[in-house]
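Enquirer: I'd like to ask some things about the structure below.
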Amino acid sequence: MPPNAFKNSLNAQKVAEAIALGLAQSKLECTCRLFPVGDGGDGTGNLLIKHLGGKIVNTDVHDALGRKITAAFGLIDNGQTAVIEMAGASGMRLLKANELNPMLTNTAGTGELIKQALDKGVSKIIIGMGGSATVDGGAGMMAALGVRFLNADGELLNPVPAGLGELAIIDTSGLDKRVLNCAIIILCDVDNKLLGDNGAAAVFGPQKGATAHDVVKLDALLAKFAAIALKQTGIDIASANHSGTAGGAAAMAYAFFNAKLVSGATHFLKLTGFDAALQSADIVFTGEGSIDEQTLQGKAPAAVAALARQKGLPVIGLAGKMPLLYSKEMGEYFDVLLSIGNEPATLADALKNTHDNLVRTSREIGNLLALS
């Protein structure tokens, strides 16, 4: 059972447990192996640390609004690799709904986690960048590691979008040089590029509290980042795949930290040995809060289904929300797609009842399989 989290309701582990409970209550005789997965989004770091038997390191950092909080990162590979989850330091989950404002939030806390991981002597850092509350182009993260953002007169600017309107120079002379000697791999949960109608500001800005006016300003700021990065590094971040991840933070890390941007789901499955886990499987259950055409653009259920299909295994996908009409493209990934809802309900009630709906739906699937 390799499900992803059902956002704002159950984490991936709890989803797997609910599916297994439903099957256990059914008439089907089966053995379930729980294999919760992530794609770079919220919760991915913790799952990686758990799958790989890592050690948790708690530390003080600052959230997206600059308030002191306790966050954590993991150490795996005998302490040689750090696993960082951006959402744990700079995430939406740490803010109240009325605090979301990507003009004022930044990723400084994530930069602080990177710095403290470097203090542990790691040679590789894996960063899950989903779930951020930011569209700062990674400015806060970079500033925490010694980068300065200057206007044309060389004056220091506040590394939040509202303070970067006059940005002209990204001064990396003070960058912690350990960053450049460390392999940085960014697990990206989206394919979106940096700019435009499908870019970081337009698509994800409103989810993080941006108004229509903010979106225009944020996209213009990210375009300025791209122009400066191209001039100073020769790297065109605007055309890079996954560059829209985490409000452009992935793009800037790619240009200035030599970071490698990868499909979070595919890399997660490789790191955790999912291919080997499939050897003993007869059927695969996966799912997340919503399964639709966007799921096929690098989300965990699609990556799981693709590997299972390569081995000739049937795949059942469960979700709280899915399209009304059949999609041939989605049918190439999933043999069965089922919504777990049991009756018309408000979003709040649907989220509250996710566990019970998963158990019931899985129990009925088990009963159907037992009939055959």
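Residue numbering restarts at 1 in every chain; chains get A, B, ... in the order shown in the structure tokens, and ligands count up from 1 in that same order.
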When you look at stretch 354-369 of chain A with a cut-off of 7 Å (counting only C-alpha atoms), what residues show up, excluding the ones that are within fewer than 5 positions of it in the same chain? I need them as a ChimeraX atom specification.
Expert: /A:9,18-19,21-23,25-28,340-342
Enquirer: Skipping near chain neighbours, those fewer than 2 positions away, what residues fall within 12 Å of A:Leu324 using only C-alpha atoms, listed as a list of chain:residue names?
Expert: A:Ile291, A:Asp292, A:Glu293, A:Lys321, A:Met322, A:Tyr326, A:Ser327, A:Leu337, A:Leu338, A:Ser339
Enquirer: With only C-alpha atoms as the counted atoms, please give the residues lying no more than 9 Å from A:Met1, apart from itself and same-chain residues fewer than 6 positions off, as a ChimeraX atom specification.
Expert: /A:16-17,19-20,32-36,283-286
Enquirer: Using only C-alpha atoms, which protein or nucleic acid residues come within 7 Å of A:Leu187? Drop anything in the same chain fewer than 4 positions from it, and give the result as a list of chain:residue names.
Expert: A:Asp39, A:Gly40, A:Ile127, A:Gly128, A:Met129, A:Leu261, A:Val262, A:Ser263, A:Gly264
Enquirer: What's around A:Gly247 at 12 Å? Count only C-alpha atoms, leave out sequence neighbours fewer than 4 positions away in its own chain, and write the answer as a ChimeraX atom specification.
Expert: /A:86,90-91,102-103,105-107,129-141,160-161,188-190,192-195,199-208,210,215,218-219,221-222,225,242-243,251-253
Enquirer: Which of these, A:Ala227, A:Ala212, A:Ile76, A:Ala108, has the shortest distance to A:Ala249 once you count only C-alpha atoms?
Expert: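 Checking each of A:Ala227, A:Ala212, A:Ile76, A:Ala108 against A:Ala249, counting only C-alpha atoms, the winner is A:Ala108.
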Enquirer: Do a neighbour search on A:Asp60 at 7 Å with only C-alpha atoms, toss out local chain neighbours closer than 2 positions, and write the hits as a PyMOL selection string.
Expert: chain A and resi 68-71
Enquirer: Which residues of stretch 164-191 of chain A come within 8 Å of stretch 113-123 of chain A, and what is each one's closest atom pair and distance in Å (one decimal), counting only C-alpha atoms, sorted by chain and residue number, as a tab-separated table?
Expert:
residue	atom	partner	partner_atom	distance
A:Arg178	CA	A:Leu118	CA	7.0
A:Val179	CA	A:Leu118	CA	7.7
A:Asn181	CA	A:Ser123	CA	7.5
A:Cys182	CA	A:Ser123	CA	4.9
A:Ala183	CA	A:Ser123	CA	6.3
Enquirer: From the list A:Asn353, A:Thr272, A:Gln232, A:Thr346, which residue is nearest A:Thr44 when using only C-alpha atoms?
Expert: A:Thr272
Enquirer: With DSSP run on the backbone, what are the strand (DSSP E or B) residues within stretch 77-302 of chain A? I'd like them as a PyMOL selection string.
Expert: chain A and resi 81-85+91+124-128+132+148-150+156+169-171+183-188+260-263+284-290
Enquirer: Next, write the just-selected residues to a file, as a CSV table (one decimal), in the first residue's frame, keeping N, CA and C atoms as the atom set.
Expert:
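Result file is again_34.csv:
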chain,number,residue,atom,x,y,z
A,81,THR,N,24.2,12.3,5.0
A,81,THR,CA,23.2,12.9,4.2
A,81,THR,C,22.1,13.5,5.1
A,82,ALA,N,21.8,14.8,4.9
A,82,ALA,CA,20.7,15.4,5.6
A,82,ALA,C,19.4,15.4,4.8
A,83,VAL,N,18.3,15.2,5.5
A,83,VAL,CA,17.0,15.3,4.8
A,83,VAL,C,16.2,16.5,5.4
A,84,ILE,N,15.8,17.4,4.6
A,84,ILE,CA,15.2,18.6,5.1
A,84,ILE,C,13.8,18.8,4.4
A,85,GLU,N,12.8,19.1,5.2
A,85,GLU,CA,11.5,19.4,4.7
A,85,GLU,C,11.2,20.9,4.8
A,91,GLY,N,6.6,26.4,6.0
A,91,GLY,CA,5.4,25.9,5.5
A,91,GLY,C,4.1,26.6,5.8
A,124,LYS,N,25.8,15.7,1.6
A,124,LYS,CA,24.7,15.7,0.7
A,124,LYS,C,23.4,16.2,1.5
A,125,ILE,N,22.6,16.9,0.8
A,125,ILE,CA,21.4,17.4,1.4
A,125,ILE,C,20.2,17.1,0.4
A,126,ILE,N,19.2,16.5,0.9
A,126,ILE,CA,18.0,16.2,0.2
A,126,ILE,C,16.9,17.1,0.7
A,127,ILE,N,16.3,17.9,-0.1
A,127,ILE,CA,15.3,18.9,0.4
A,127,ILE,C,13.9,18.6,-0.3
A,128,GLY,N,12.9,18.3,0.5
A,128,GLY,CA,11.5,18.2,0.0
A,128,GLY,C,10.9,19.6,0.0
A,132,SER,N,5.3,25.0,0.9
A,132,SER,CA,5.8,26.2,1.4
A,132,SER,C,4.7,27.3,1.4
A,148,ARG,N,23.4,38.4,-0.2
A,148,ARG,CA,22.8,39.7,0.0
A,148,ARG,C,22.1,40.2,-1.2
A,149,PHE,N,20.9,40.8,-1.0
A,149,PHE,CA,20.1,41.3,-2.1
A,149,PHE,C,20.2,42.9,-2.1
A,150,LEU,N,20.7,43.5,-3.2
A,150,LEU,CA,21.0,44.9,-3.2
A,150,LEU,C,20.3,45.6,-4.3
A,156,LEU,N,21.3,47.4,1.0
A,156,LEU,CA,20.8,46.1,1.3
A,156,LEU,C,19.2,46.1,1.4
A,169,ILE,N,21.1,43.5,-7.8
A,169,ILE,CA,22.3,42.7,-7.6
A,169,ILE,C,22.0,41.6,-6.6
A,170,ILE,N,22.4,40.4,-6.9
A,170,ILE,CA,22.4,39.3,-5.9
A,170,ILE,C,23.9,39.0,-5.6
A,171,ASP,N,24.3,39.5,-4.5
A,171,ASP,CA,25.7,39.4,-4.0
A,171,ASP,C,26.0,38.1,-3.3
A,183,ALA,N,26.5,18.2,-2.3
A,183,ALA,CA,25.5,17.8,-3.3
A,183,ALA,C,24.1,18.1,-2.7
A,184,ILE,N,23.3,18.9,-3.4
A,184,ILE,CA,22.0,19.3,-3.0
A,184,ILE,C,21.0,18.8,-4.0
A,185,ILE,N,20.1,18.0,-3.6
A,185,ILE,CA,19.0,17.4,-4.4
A,185,ILE,C,17.7,17.9,-3.9
A,186,ILE,N,16.9,18.5,-4.8
A,186,ILE,CA,15.6,19.0,-4.5
A,186,ILE,C,14.5,18.2,-5.0
A,187,LEU,N,13.7,17.6,-4.1
A,187,LEU,CA,12.6,16.8,-4.5
A,187,LEU,C,11.4,17.7,-4.9
A,188,CYS,N,11.0,17.8,-6.1
A,188,CYS,CA,10.0,18.7,-6.6
A,188,CYS,C,8.7,18.0,-6.8
A,260,LYS,N,20.4,20.0,-7.8
A,260,LYS,CA,19.8,19.2,-8.8
A,260,LYS,C,18.3,19.1,-8.6
A,261,LEU,N,17.5,19.4,-9.6
A,261,LEU,CA,16.1,19.4,-9.4
A,261,LEU,C,15.6,18.1,-10.0
A,262,VAL,N,14.8,17.3,-9.2
A,262,VAL,CA,14.4,16.0,-9.6
A,262,VAL,C,12.9,15.8,-9.3
A,263,SER,N,12.3,14.9,-10.0
A,263,SER,CA,10.9,14.5,-9.7
A,263,SER,C,10.9,13.9,-8.3
A,284,VAL,N,-1.9,-3.3,-6.1
A,284,VAL,CA,-1.3,-2.1,-5.4
A,284,VAL,C,-2.5,-1.1,-5.2
A,285,PHE,N,-2.5,-0.7,-4.0
A,285,PHE,CA,-3.5,0.4,-3.6
A,285,PHE,C,-2.6,1.7,-3.4
A,286,THR,N,-3.1,2.8,-4.1
A,286,THR,CA,-2.5,4.1,-3.9
A,286,THR,C,-3.6,5.1,-3.8
A,287,GLY,N,-3.2,6.4,-3.6
A,287,GLY,CA,-4.1,7.4,-3.6
A,287,GLY,C,-3.6,8.7,-2.9
A,288,GLU,N,-4.4,9.8,-3.0
A,288,GLU,CA,-4.2,11.0,-2.3
A,288,GLU,C,-5.5,11.8,-2.3
A,289,GLY,N,-5.5,13.0,-1.7
A,289,GLY,CA,-6.7,13.7,-1.6
A,289,GLY,C,-7.5,14.0,-2.9
A,290,SER,N,-6.7,14.3,-3.9
A,290,SER,CA,-7.3,14.5,-5.2
A,290,SER,C,-6.5,13.8,-6.3
